[in-house]
>>> print(open('run_13.txt').read())   # compact mmCIF, N, CA and C atoms
# COMPACT_ATOMS: atom_id res chain seq x y z
N GLN A 986 -41.28 4.79 -31.69
CA GLN A 986 -40.86 3.69 -32.56
C GLN A 986 -39.35 3.71 -32.74
N VAL A 987 -38.79 2.54 -32.82
CA VAL A 987 -37.36 2.38 -33.03
C VAL A 987 -37.15 1.42 -34.20
N ARG A 988 -36.26 1.79 -35.10
CA ARG A 988 -35.91 0.91 -36.22
C ARG A 988 -34.47 0.46 -36.04
N LEU A 989 -34.24 -0.83 -36.24
CA LEU A 989 -32.92 -1.42 -36.07
C LEU A 989 -32.44 -2.02 -37.39
N VAL A 990 -31.22 -1.68 -37.78
CA VAL A 990 -30.64 -2.22 -39.01
C VAL A 990 -29.32 -2.89 -38.68
N GLU A 991 -29.23 -4.18 -38.98
CA GLU A 991 -28.03 -4.97 -38.67
C GLU A 991 -27.16 -5.13 -39.90
N SER A 992 -25.89 -5.39 -39.64
CA SER A 992 -24.96 -5.73 -40.71
C SER A 992 -23.80 -6.53 -40.12
N GLY A 993 -23.10 -7.24 -41.00
CA GLY A 993 -21.86 -7.88 -40.56
C GLY A 993 -21.89 -9.39 -40.49
N GLY A 994 -23.00 -10.02 -40.77
CA GLY A 994 -23.02 -11.48 -40.73
C GLY A 994 -22.26 -12.06 -41.91
N GLY A 995 -22.14 -13.38 -41.92
CA GLY A 995 -21.46 -14.04 -43.02
C GLY A 995 -21.01 -15.43 -42.67
N LEU A 996 -20.13 -15.95 -43.52
CA LEU A 996 -19.59 -17.30 -43.36
C LEU A 996 -18.14 -17.20 -42.92
N VAL A 997 -17.80 -17.97 -41.89
CA VAL A 997 -16.43 -17.94 -41.37
C VAL A 997 -16.06 -19.33 -40.91
N GLN A 998 -14.78 -19.64 -40.95
CA GLN A 998 -14.32 -20.93 -40.46
C GLN A 998 -14.23 -20.92 -38.93
N ALA A 999 -14.32 -22.09 -38.36
CA ALA A 999 -14.19 -22.22 -36.91
C ALA A 999 -12.86 -21.61 -36.46
N GLY A 1000 -12.94 -20.86 -35.35
CA GLY A 1000 -11.77 -20.16 -34.85
C GLY A 1000 -11.65 -18.74 -35.36
N GLY A 1001 -12.44 -18.40 -36.35
CA GLY A 1001 -12.39 -17.07 -36.93
C GLY A 1001 -13.20 -16.05 -36.15
N SER A 1002 -13.29 -14.85 -36.71
CA SER A 1002 -13.97 -13.74 -36.06
C SER A 1002 -14.92 -13.04 -37.01
N LEU A 1003 -15.96 -12.47 -36.43
CA LEU A 1003 -16.89 -11.61 -37.16
C LEU A 1003 -17.30 -10.48 -36.23
N ARG A 1004 -17.70 -9.37 -36.82
CA ARG A 1004 -18.21 -8.25 -36.05
C ARG A 1004 -19.56 -7.85 -36.59
N LEU A 1005 -20.56 -7.89 -35.72
CA LEU A 1005 -21.90 -7.47 -36.09
C LEU A 1005 -22.13 -6.03 -35.63
N SER A 1006 -22.88 -5.30 -36.44
CA SER A 1006 -23.23 -3.93 -36.10
C SER A 1006 -24.74 -3.76 -36.16
N CYS A 1007 -25.26 -2.89 -35.32
CA CYS A 1007 -26.69 -2.59 -35.32
C CYS A 1007 -26.85 -1.10 -35.07
N ALA A 1008 -27.54 -0.45 -36.00
CA ALA A 1008 -27.80 0.98 -35.86
C ALA A 1008 -29.28 1.20 -35.59
N ALA A 1009 -29.55 1.97 -34.55
CA ALA A 1009 -30.93 2.29 -34.19
C ALA A 1009 -31.27 3.69 -34.65
N SER A 1010 -32.52 3.86 -35.07
CA SER A 1010 -33.02 5.17 -35.43
C SER A 1010 -34.43 5.31 -34.88
N GLY A 1011 -34.88 6.56 -34.75
CA GLY A 1011 -36.20 6.80 -34.20
C GLY A 1011 -36.11 7.33 -32.79
N SER A 1012 -36.90 6.76 -31.91
CA SER A 1012 -37.01 7.25 -30.54
C SER A 1012 -35.87 6.72 -29.66
N ILE A 1013 -34.67 7.22 -29.90
CA ILE A 1013 -33.48 6.72 -29.19
C ILE A 1013 -33.57 6.91 -27.68
N PRO A 1014 -34.03 8.06 -27.19
CA PRO A 1014 -34.06 8.25 -25.72
C PRO A 1014 -34.96 7.25 -24.99
N SER A 1015 -35.83 6.57 -25.70
CA SER A 1015 -36.72 5.60 -25.05
C SER A 1015 -36.05 4.26 -24.79
N ILE A 1016 -34.83 4.08 -25.32
CA ILE A 1016 -34.15 2.78 -25.24
C ILE A 1016 -33.43 2.64 -23.91
N ARG A 1017 -33.72 1.53 -23.21
CA ARG A 1017 -33.07 1.23 -21.95
C ARG A 1017 -31.82 0.35 -22.17
N ALA A 1018 -31.91 -0.54 -23.12
CA ALA A 1018 -30.80 -1.46 -23.37
C ALA A 1018 -30.86 -1.94 -24.81
N MET A 1019 -29.72 -2.31 -25.34
CA MET A 1019 -29.64 -2.93 -26.66
C MET A 1019 -28.84 -4.22 -26.54
N GLY A 1020 -29.13 -5.13 -27.44
CA GLY A 1020 -28.41 -6.39 -27.35
C GLY A 1020 -28.57 -7.24 -28.58
N TRP A 1021 -28.07 -8.45 -28.46
CA TRP A 1021 -28.11 -9.42 -29.55
C TRP A 1021 -28.70 -10.73 -29.05
N TYR A 1022 -29.59 -11.26 -29.84
CA TYR A 1022 -30.14 -12.59 -29.61
C TYR A 1022 -29.79 -13.43 -30.84
N ARG A 1023 -29.90 -14.74 -30.68
CA ARG A 1023 -29.69 -15.61 -31.83
C ARG A 1023 -30.68 -16.77 -31.80
N GLN A 1024 -30.95 -17.28 -32.99
CA GLN A 1024 -31.85 -18.42 -33.11
C GLN A 1024 -31.30 -19.39 -34.14
N ALA A 1025 -30.98 -20.58 -33.67
CA ALA A 1025 -30.51 -21.64 -34.55
C ALA A 1025 -31.71 -22.46 -35.02
N PRO A 1026 -31.59 -23.16 -36.14
CA PRO A 1026 -32.70 -23.97 -36.64
C PRO A 1026 -33.21 -24.96 -35.59
N GLY A 1027 -34.50 -24.96 -35.37
CA GLY A 1027 -35.11 -25.88 -34.43
C GLY A 1027 -34.94 -25.51 -32.97
N LYS A 1028 -34.35 -24.35 -32.71
CA LYS A 1028 -34.13 -23.94 -31.33
C LYS A 1028 -34.82 -22.61 -31.05
N GLN A 1029 -35.00 -22.33 -29.75
CA GLN A 1029 -35.61 -21.07 -29.37
C GLN A 1029 -34.60 -19.93 -29.48
N ARG A 1030 -35.14 -18.74 -29.64
CA ARG A 1030 -34.28 -17.56 -29.65
C ARG A 1030 -33.69 -17.38 -28.26
N GLU A 1031 -32.38 -17.07 -28.20
CA GLU A 1031 -31.71 -16.92 -26.91
C GLU A 1031 -30.88 -15.65 -26.87
N LEU A 1032 -30.75 -15.11 -25.67
CA LEU A 1032 -29.92 -13.93 -25.48
C LEU A 1032 -28.46 -14.31 -25.65
N VAL A 1033 -27.75 -13.46 -26.41
CA VAL A 1033 -26.31 -13.62 -26.55
C VAL A 1033 -25.60 -12.64 -25.62
N ALA A 1034 -25.97 -11.37 -25.74
CA ALA A 1034 -25.36 -10.33 -24.90
C ALA A 1034 -26.21 -9.08 -24.99
N ASP A 1035 -26.20 -8.30 -23.91
CA ASP A 1035 -26.85 -7.00 -23.99
C ASP A 1035 -26.06 -5.98 -23.18
N ILE A 1036 -26.41 -4.71 -23.42
CA ILE A 1036 -25.72 -3.61 -22.76
C ILE A 1036 -26.73 -2.51 -22.49
N THR A 1037 -26.72 -1.98 -21.27
CA THR A 1037 -27.66 -0.93 -20.91
C THR A 1037 -27.10 0.44 -21.28
N THR A 1038 -27.94 1.45 -21.17
CA THR A 1038 -27.48 2.81 -21.45
C THR A 1038 -26.39 3.23 -20.46
N GLY A 1039 -26.39 2.61 -19.29
CA GLY A 1039 -25.35 2.89 -18.31
C GLY A 1039 -24.07 2.13 -18.53
N GLY A 1040 -24.08 1.22 -19.51
CA GLY A 1040 -22.87 0.49 -19.85
C GLY A 1040 -22.74 -0.88 -19.22
N SER A 1041 -23.72 -1.30 -18.44
CA SER A 1041 -23.68 -2.64 -17.85
C SER A 1041 -23.91 -3.68 -18.93
N THR A 1042 -23.12 -4.75 -18.88
CA THR A 1042 -23.21 -5.79 -19.90
C THR A 1042 -23.60 -7.13 -19.27
N ASN A 1043 -24.15 -7.96 -20.12
CA ASN A 1043 -24.60 -9.28 -19.69
C ASN A 1043 -24.36 -10.23 -20.85
N TYR A 1044 -23.80 -11.41 -20.55
CA TYR A 1044 -23.47 -12.37 -21.60
C TYR A 1044 -24.03 -13.74 -21.28
N ALA A 1045 -24.40 -14.46 -22.33
CA ALA A 1045 -24.72 -15.87 -22.15
C ALA A 1045 -23.44 -16.61 -21.78
N ASP A 1046 -23.57 -17.63 -20.95
CA ASP A 1046 -22.39 -18.39 -20.52
C ASP A 1046 -21.62 -18.96 -21.70
N SER A 1047 -22.34 -19.33 -22.74
CA SER A 1047 -21.72 -19.99 -23.88
C SER A 1047 -20.80 -19.08 -24.68
N VAL A 1048 -20.92 -17.76 -24.50
CA VAL A 1048 -20.10 -16.84 -25.28
C VAL A 1048 -19.13 -16.03 -24.43
N LYS A 1049 -19.20 -16.18 -23.12
CA LYS A 1049 -18.32 -15.41 -22.25
C LYS A 1049 -16.85 -15.69 -22.58
N GLY A 1050 -16.07 -14.63 -22.66
CA GLY A 1050 -14.66 -14.77 -22.99
C GLY A 1050 -14.37 -14.80 -24.48
N ARG A 1051 -15.42 -14.94 -25.29
CA ARG A 1051 -15.22 -14.98 -26.75
C ARG A 1051 -15.90 -13.80 -27.46
N PHE A 1052 -17.04 -13.38 -26.94
CA PHE A 1052 -17.79 -12.29 -27.57
C PHE A 1052 -17.71 -11.05 -26.69
N THR A 1053 -17.73 -9.89 -27.34
CA THR A 1053 -17.73 -8.63 -26.62
C THR A 1053 -18.77 -7.70 -27.23
N ILE A 1054 -19.65 -7.18 -26.39
CA ILE A 1054 -20.65 -6.22 -26.84
C ILE A 1054 -20.18 -4.82 -26.45
N SER A 1055 -20.43 -3.86 -27.34
CA SER A 1055 -20.04 -2.49 -27.05
C SER A 1055 -20.99 -1.54 -27.75
N ARG A 1056 -20.95 -0.27 -27.36
CA ARG A 1056 -21.80 0.75 -27.96
C ARG A 1056 -20.92 1.80 -28.60
N GLY A 1057 -21.46 2.40 -29.66
CA GLY A 1057 -20.78 3.49 -30.31
C GLY A 1057 -20.89 4.77 -29.49
N ASN A 1058 -20.08 5.76 -29.86
CA ASN A 1058 -20.09 7.02 -29.12
C ASN A 1058 -21.45 7.71 -29.16
N ALA A 1059 -22.17 7.54 -30.23
CA ALA A 1059 -23.47 8.18 -30.38
C ALA A 1059 -24.57 7.44 -29.64
N LYS A 1060 -24.25 6.31 -29.03
CA LYS A 1060 -25.17 5.52 -28.20
C LYS A 1060 -26.31 4.89 -28.99
N ASN A 1061 -26.37 5.11 -30.30
CA ASN A 1061 -27.46 4.48 -31.05
C ASN A 1061 -26.96 3.30 -31.88
N THR A 1062 -25.71 2.92 -31.64
CA THR A 1062 -25.13 1.80 -32.36
C THR A 1062 -24.56 0.80 -31.36
N VAL A 1063 -24.79 -0.47 -31.63
CA VAL A 1063 -24.23 -1.51 -30.78
C VAL A 1063 -23.49 -2.51 -31.66
N TYR A 1064 -22.38 -3.00 -31.14
CA TYR A 1064 -21.53 -3.92 -31.87
C TYR A 1064 -21.40 -5.23 -31.09
N LEU A 1065 -21.19 -6.30 -31.83
CA LEU A 1065 -20.89 -7.58 -31.20
C LEU A 1065 -19.65 -8.14 -31.88
N GLN A 1066 -18.53 -8.10 -31.18
CA GLN A 1066 -17.30 -8.68 -31.68
C GLN A 1066 -17.27 -10.15 -31.28
N MET A 1067 -17.22 -11.02 -32.26
CA MET A 1067 -17.27 -12.46 -32.01
C MET A 1067 -15.95 -13.09 -32.42
N ASN A 1068 -15.22 -13.61 -31.44
CA ASN A 1068 -13.94 -14.26 -31.68
C ASN A 1068 -14.04 -15.75 -31.35
N SER A 1069 -13.07 -16.49 -31.82
CA SER A 1069 -13.01 -17.94 -31.56
C SER A 1069 -14.35 -18.60 -31.84
N LEU A 1070 -14.90 -18.30 -32.98
CA LEU A 1070 -16.22 -18.81 -33.34
C LEU A 1070 -16.22 -20.32 -33.47
N LYS A 1071 -17.34 -20.91 -33.08
CA LYS A 1071 -17.52 -22.35 -33.12
C LYS A 1071 -18.71 -22.68 -34.01
N PRO A 1072 -18.76 -23.88 -34.57
CA PRO A 1072 -19.91 -24.26 -35.39
C PRO A 1072 -21.24 -24.08 -34.66
N GLU A 1073 -21.25 -24.28 -33.36
CA GLU A 1073 -22.49 -24.13 -32.60
C GLU A 1073 -22.92 -22.67 -32.45
N ASP A 1074 -22.11 -21.74 -32.89
CA ASP A 1074 -22.52 -20.34 -32.91
C ASP A 1074 -23.35 -20.01 -34.15
N THR A 1075 -23.45 -20.96 -35.06
CA THR A 1075 -24.24 -20.75 -36.28
C THR A 1075 -25.69 -20.49 -35.94
N ALA A 1076 -26.21 -19.37 -36.43
CA ALA A 1076 -27.59 -18.97 -36.14
C ALA A 1076 -27.91 -17.68 -36.88
N VAL A 1077 -29.17 -17.31 -36.85
CA VAL A 1077 -29.55 -15.96 -37.26
C VAL A 1077 -29.45 -15.08 -36.02
N TYR A 1078 -28.71 -14.00 -36.14
CA TYR A 1078 -28.49 -13.08 -35.03
C TYR A 1078 -29.40 -11.86 -35.21
N TYR A 1079 -30.12 -11.54 -34.15
CA TYR A 1079 -31.08 -10.44 -34.17
C TYR A 1079 -30.64 -9.34 -33.20
N CYS A 1080 -30.66 -8.12 -33.68
CA CYS A 1080 -30.46 -6.98 -32.81
C CYS A 1080 -31.77 -6.69 -32.07
N ASN A 1081 -31.61 -6.32 -30.82
CA ASN A 1081 -32.78 -6.04 -29.97
C ASN A 1081 -32.58 -4.71 -29.26
N ALA A 1082 -33.66 -3.98 -29.12
CA ALA A 1082 -33.66 -2.77 -28.29
C ALA A 1082 -34.86 -2.86 -27.36
N GLU A 1083 -34.62 -2.65 -26.08
CA GLU A 1083 -35.69 -2.69 -25.10
C GLU A 1083 -35.94 -1.29 -24.57
N SER A 1084 -37.21 -0.88 -24.57
CA SER A 1084 -37.53 0.45 -24.08
C SER A 1084 -37.68 0.45 -22.56
N TYR A 1085 -37.79 1.64 -22.00
CA TYR A 1085 -38.01 1.75 -20.54
C TYR A 1085 -39.38 1.20 -20.14
N THR A 1086 -40.27 1.07 -21.08
CA THR A 1086 -41.58 0.44 -20.80
C THR A 1086 -41.55 -1.04 -21.11
N LEU A 1087 -40.35 -1.59 -21.33
CA LEU A 1087 -40.12 -3.02 -21.57
C LEU A 1087 -40.71 -3.50 -22.89
N TYR A 1088 -40.85 -2.58 -23.84
CA TYR A 1088 -41.26 -3.00 -25.18
C TYR A 1088 -40.00 -3.36 -25.95
N ASN A 1089 -40.08 -4.44 -26.72
CA ASN A 1089 -38.93 -4.92 -27.47
C ASN A 1089 -39.06 -4.64 -28.97
N TYR A 1090 -38.00 -4.09 -29.52
CA TYR A 1090 -37.89 -3.88 -30.96
C TYR A 1090 -36.86 -4.87 -31.50
N TRP A 1091 -37.06 -5.30 -32.75
CA TRP A 1091 -36.18 -6.30 -33.34
C TRP A 1091 -35.71 -5.87 -34.72
N GLY A 1092 -34.47 -6.23 -35.04
CA GLY A 1092 -33.98 -6.07 -36.38
C GLY A 1092 -34.44 -7.23 -37.25
N GLN A 1093 -34.02 -7.20 -38.51
CA GLN A 1093 -34.48 -8.20 -39.45
C GLN A 1093 -33.68 -9.51 -39.35
N GLY A 1094 -32.55 -9.46 -38.67
CA GLY A 1094 -31.72 -10.65 -38.49
C GLY A 1094 -30.61 -10.72 -39.53
N THR A 1095 -29.48 -11.28 -39.12
CA THR A 1095 -28.36 -11.48 -40.02
C THR A 1095 -27.79 -12.88 -39.77
N GLN A 1096 -27.52 -13.60 -40.84
CA GLN A 1096 -27.07 -14.98 -40.72
C GLN A 1096 -25.57 -15.04 -40.41
N VAL A 1097 -25.24 -15.84 -39.41
CA VAL A 1097 -23.84 -16.15 -39.10
C VAL A 1097 -23.68 -17.66 -39.25
N THR A 1098 -22.76 -18.07 -40.11
CA THR A 1098 -22.50 -19.48 -40.33
C THR A 1098 -21.04 -19.77 -40.07
N VAL A 1099 -20.78 -20.72 -39.18
CA VAL A 1099 -19.41 -21.10 -38.82
C VAL A 1099 -19.18 -22.52 -39.30
N SER A 1100 -18.24 -22.67 -40.21
CA SER A 1100 -17.95 -24.00 -40.76
C SER A 1100 -16.85 -24.67 -39.95
N SER A 1101 -16.93 -25.99 -39.88
CA SER A 1101 -15.94 -26.74 -39.10
C SER A 1101 -14.76 -27.16 -39.94
>>> encode(input="run_13.txt", output="structure tokens")
Amino acid sequence: QVRLVESGGGLVQAGGSLRLSCAASGSIPSIRAMGWYRQAPGKQRELVADITTGGSTNYADSVKGRFTISRGNAKNTVYLQMNSLKPEDTAVYYCNAESYTLYNYWGQGTQVTVSS
């Protein structure tokens, strides 16, 4: 079992920045990758960015060049630095951890609101 706790959401003006954090606890060695998804009202949940234990990263086209995903030294923490935020980035952001057996764990979600 893996437990994920997110922090760092909030309200920001367009063009501003926010940093999300996610700390994992439990069966850390079982985790293959960690990442962030988001879900806006009336839309499906979508991948924002993820990072594997080997450090490979993957980004949605809509956030490339603006968002950066990284891991802490202890490997059980993942960060999402979000710059040049746009109103369309408004969503609930969920931390995700995928195990080597492809089981997905989810955090409780944190609201990010970007005002125009």
>>> atom_distance(input="run_13.txt", atom1="atom N of Leu1065 in chain A", atom2="CA of Gly1092 in chain A")
13.6 Å
>>> closest_residue(input="run_13.txt", among="A:Ser1006, A:Val1063, A:Trp1091, A:Val1099", to="Arg988 in chain A", atoms="all atoms listed in the file")
A:Trp1091
>>> atom_distance(input="run_13.txt", atom1="atom N of Cys1007 in chain A", atom2="atom N of Ser1101 in chain A")
25.0 Å
>>> closest_residue(input="run_13.txt", among="A:Gln986, A:Thr1053, A:Gln1096, A:Ser1084", to="Ser1010 in chain A", atoms="only C-alpha atoms")
A:Gln986
>>> residues_around(input="run_13.txt", residues="Thr1038 in chain A", least_positions_apart="2", cutoff="12 Å", atoms="only C-alpha atoms", output="list in words")
Ile1013, Pro1014, Ser1015, Ile1016, Arg1017, Ala1018, Met1019, Gly1020, Asp1035, Ile1036, Gly1040, Ser1041, Thr1042, Ser1055, Arg1056, Gly1057, Asn1058, Ala1059, Lys1060, Asn1061, Thr1062, Val1063, Ala1082, Glu1083, Ser1084 and Tyr1085 of chain A
>>> residues_around(input="run_13.txt", residues="range 989-1001 of chain A", least_positions_apart="6", cutoff="8 Å", atoms="only N, CA and C atoms", output="PyMOL selection string")
chain A and resi 1007-1011+1067-1072+1078-1082+1090-1101
>>> closest_residue(input="run_13.txt", among="A:Thr1086, A:Glu1073, A:Asn1043, A:Val1033", to="Trp1021 in chain A", atoms="only N, CA and C atoms")
A:Val1033
>>> atom_distance(input="run_13.txt", atom1="CA of Val987 in chain A", atom2="atom C of Asn1089 in chain A")
8.3 Å
>>> residues_near_point(input="run_13.txt", point="(-22.5, -14.6, -26.2)", cutoff="8 Å", atoms="all atoms listed in the file", output="PDB file with N, CA and C atoms, in the coordinates of the input")
ATOM      1  N   TRP A1021     -28.070  -8.450 -28.460  1.00  0.00           N
ATOM      2  CA  TRP A1021     -28.110  -9.420 -29.550  1.00  0.00           C
ATOM      3  C   TRP A1021     -28.700 -10.730 -29.050  1.00  0.00           C
ATOM      4  N   LEU A1032     -30.750 -15.110 -25.670  1.00  0.00           N
ATOM      5  CA  LEU A1032     -29.920 -13.930 -25.480  1.00  0.00           C
ATOM      6  C   LEU A1032     -28.460 -14.310 -25.650  1.00  0.00           C
ATOM      7  N   VAL A1033     -27.750 -13.460 -26.410  1.00  0.00           N
ATOM      8  CA  VAL A1033     -26.310 -13.620 -26.550  1.00  0.00           C
ATOM      9  C   VAL A1033     -25.600 -12.640 -25.620  1.00  0.00           C
ATOM     10  N   ALA A1034     -25.970 -11.370 -25.740  1.00  0.00           N
ATOM     11  CA  ALA A1034     -25.360 -10.330 -24.900  1.00  0.00           C
ATOM     12  C   ALA A1034     -26.210  -9.080 -24.990  1.00  0.00           C
ATOM     13  N   ASP A1035     -26.200  -8.300 -23.910  1.00  0.00           N
ATOM     14  CA  ASP A1035     -26.850  -7.000 -23.990  1.00  0.00           C
ATOM     15  C   ASP A1035     -26.060  -5.980 -23.180  1.00  0.00           C
ATOM     16  N   ASN A1043     -24.150  -7.960 -20.120  1.00  0.00           N
ATOM     17  CA  ASN A1043     -24.600  -9.280 -19.690  1.00  0.00           C
ATOM     18  C   ASN A1043     -24.360 -10.230 -20.850  1.00  0.00           C
ATOM     19  N   TYR A1044     -23.800 -11.410 -20.550  1.00  0.00           N
ATOM     20  CA  TYR A1044     -23.470 -12.370 -21.600  1.00  0.00           C
ATOM     21  C   TYR A1044     -24.030 -13.740 -21.280  1.00  0.00           C
ATOM     22  N   ALA A1045     -24.400 -14.460 -22.330  1.00  0.00           N
ATOM     23  CA  ALA A1045     -24.720 -15.870 -22.150  1.00  0.00           C
ATOM     24  C   ALA A1045     -23.440 -16.610 -21.780  1.00  0.00           C
ATOM     25  N   ASP A1046     -23.570 -17.630 -20.950  1.00  0.00           N
ATOM     26  CA  ASP A1046     -22.390 -18.390 -20.520  1.00  0.00           C
ATOM     27  C   ASP A1046     -21.620 -18.960 -21.700  1.00  0.00           C
ATOM     28  N   SER A1047     -22.340 -19.330 -22.740  1.00  0.00           N
ATOM     29  CA  SER A1047     -21.720 -19.990 -23.880  1.00  0.00           C
ATOM     30  C   SER A1047     -20.800 -19.080 -24.680  1.00  0.00           C
ATOM     31  N   VAL A1048     -20.920 -17.760 -24.500  1.00  0.00           N
ATOM     32  CA  VAL A1048     -20.100 -16.840 -25.280  1.00  0.00           C
ATOM     33  C   VAL A1048     -19.130 -16.030 -24.430  1.00  0.00           C
ATOM     34  N   LYS A1049     -19.200 -16.180 -23.120  1.00  0.00           N
ATOM     35  CA  LYS A1049     -18.320 -15.410 -22.250  1.00  0.00           C
ATOM     36  C   LYS A1049     -16.850 -15.690 -22.580  1.00  0.00           C
ATOM     37  N   GLY A1050     -16.070 -14.630 -22.660  1.00  0.00           N
ATOM     38  CA  GLY A1050     -14.660 -14.770 -22.990  1.00  0.00           C
ATOM     39  C   GLY A1050     -14.370 -14.800 -24.480  1.00  0.00           C
ATOM     40  N   ARG A1051     -15.420 -14.940 -25.290  1.00  0.00           N
ATOM     41  CA  ARG A1051     -15.220 -14.980 -26.750  1.00  0.00           C
ATOM     42  C   ARG A1051     -15.900 -13.800 -27.460  1.00  0.00           C
ATOM     43  N   PHE A1052     -17.040 -13.380 -26.940  1.00  0.00           N
ATOM     44  CA  PHE A1052     -17.790 -12.290 -27.570  1.00  0.00           C
ATOM     45  C   PHE A1052     -17.710 -11.050 -26.690  1.00  0.00           C
ATOM     46  N   THR A1053     -17.730  -9.890 -27.340  1.00  0.00           N
ATOM     47  CA  THR A1053     -17.730  -8.630 -26.620  1.00  0.00           C
ATOM     48  C   THR A1053     -18.770  -7.700 -27.230  1.00  0.00           C
ATOM     49  N   ILE A1054     -19.650  -7.180 -26.390  1.00  0.00           N
ATOM     50  CA  ILE A1054     -20.650  -6.220 -26.840  1.00  0.00           C
ATOM     51  C   ILE A1054     -20.180  -4.820 -26.450  1.00  0.00           C
TER      52      ILE A1054
END
>>> closest_residue(input="run_13.txt", among="A:Ser1002, A:Gly1039, A:Tyr1088, A:Val1077", to="Tyr1022 in chain A", atoms="all atoms listed in the file")
A:Val1077
>>> closest_residue(input="run_13.txt", among="A:Asp1074, A:Leu1087, A:Gln1066, A:Gln1024", to="Arg1004 in chain A", atoms="only N, CA and C atoms")
A:Gln1066
>>> build_atoms(input="run_13.txt", residues="range 1033-1046 of chain A", atoms="N, CA, C and O atoms", output="compact mmCIF listing (two decimals), keeping the file's coordinate frame")
# COMPACT_ATOMS: atom_id res chain seq x y z
N VAL A 1033 -27.75 -13.46 -26.41
CA VAL A 1033 -26.31 -13.62 -26.55
C VAL A 1033 -25.60 -12.64 -25.62
O VAL A 1033 -24.75 -13.01 -24.81
N ALA A 1034 -25.97 -11.37 -25.74
CA ALA A 1034 -25.36 -10.33 -24.90
C ALA A 1034 -26.21 -9.08 -24.99
O ALA A 1034 -26.87 -8.85 -26.01
N ASP A 1035 -26.20 -8.30 -23.91
CA ASP A 1035 -26.85 -7.00 -23.99
C ASP A 1035 -26.06 -5.98 -23.18
O ASP A 1035 -25.17 -6.32 -22.40
N ILE A 1036 -26.41 -4.71 -23.42
CA ILE A 1036 -25.72 -3.61 -22.76
C ILE A 1036 -26.73 -2.51 -22.49
O ILE A 1036 -27.52 -2.15 -23.36
N THR A 1037 -26.72 -1.98 -21.27
CA THR A 1037 -27.66 -0.93 -20.91
C THR A 1037 -27.10 0.44 -21.28
O THR A 1037 -25.92 0.58 -21.62
N THR A 1038 -27.94 1.45 -21.17
CA THR A 1038 -27.48 2.81 -21.45
C THR A 1038 -26.39 3.23 -20.46
O THR A 1038 -25.56 4.08 -20.77
N GLY A 1039 -26.39 2.61 -19.29
CA GLY A 1039 -25.35 2.89 -18.31
C GLY A 1039 -24.07 2.13 -18.53
O GLY A 1039 -23.07 2.36 -17.84
N GLY A 1040 -24.08 1.22 -19.51
CA GLY A 1040 -22.87 0.49 -19.85
C GLY A 1040 -22.74 -0.88 -19.22
O GLY A 1040 -21.75 -1.59 -19.44
N SER A 1041 -23.72 -1.30 -18.44
CA SER A 1041 -23.68 -2.64 -17.85
C SER A 1041 -23.91 -3.68 -18.93
O SER A 1041 -24.78 -3.53 -19.78
N THR A 1042 -23.12 -4.75 -18.88
CA THR A 1042 -23.21 -5.79 -19.90
C THR A 1042 -23.60 -7.13 -19.27
O THR A 1042 -23.39 -7.37 -18.09
N ASN A 1043 -24.15 -7.96 -20.12
CA ASN A 1043 -24.60 -9.28 -19.69
C ASN A 1043 -24.36 -10.23 -20.85
O ASN A 1043 -24.66 -9.88 -22.00
N TYR A 1044 -23.80 -11.41 -20.55
CA TYR A 1044 -23.47 -12.37 -21.60
C TYR A 1044 -24.03 -13.74 -21.28
O TYR A 1044 -24.09 -14.15 -20.12
N ALA A 1045 -24.40 -14.46 -22.33
CA ALA A 1045 -24.72 -15.87 -22.15
C ALA A 1045 -23.44 -16.61 -21.78
O ALA A 1045 -22.35 -16.26 -22.25
N ASP A 1046 -23.57 -17.63 -20.95
CA ASP A 1046 -22.39 -18.39 -20.52
C ASP A 1046 -21.62 -18.96 -21.70
O ASP A 1046 -20.39 -19.05 -21.68
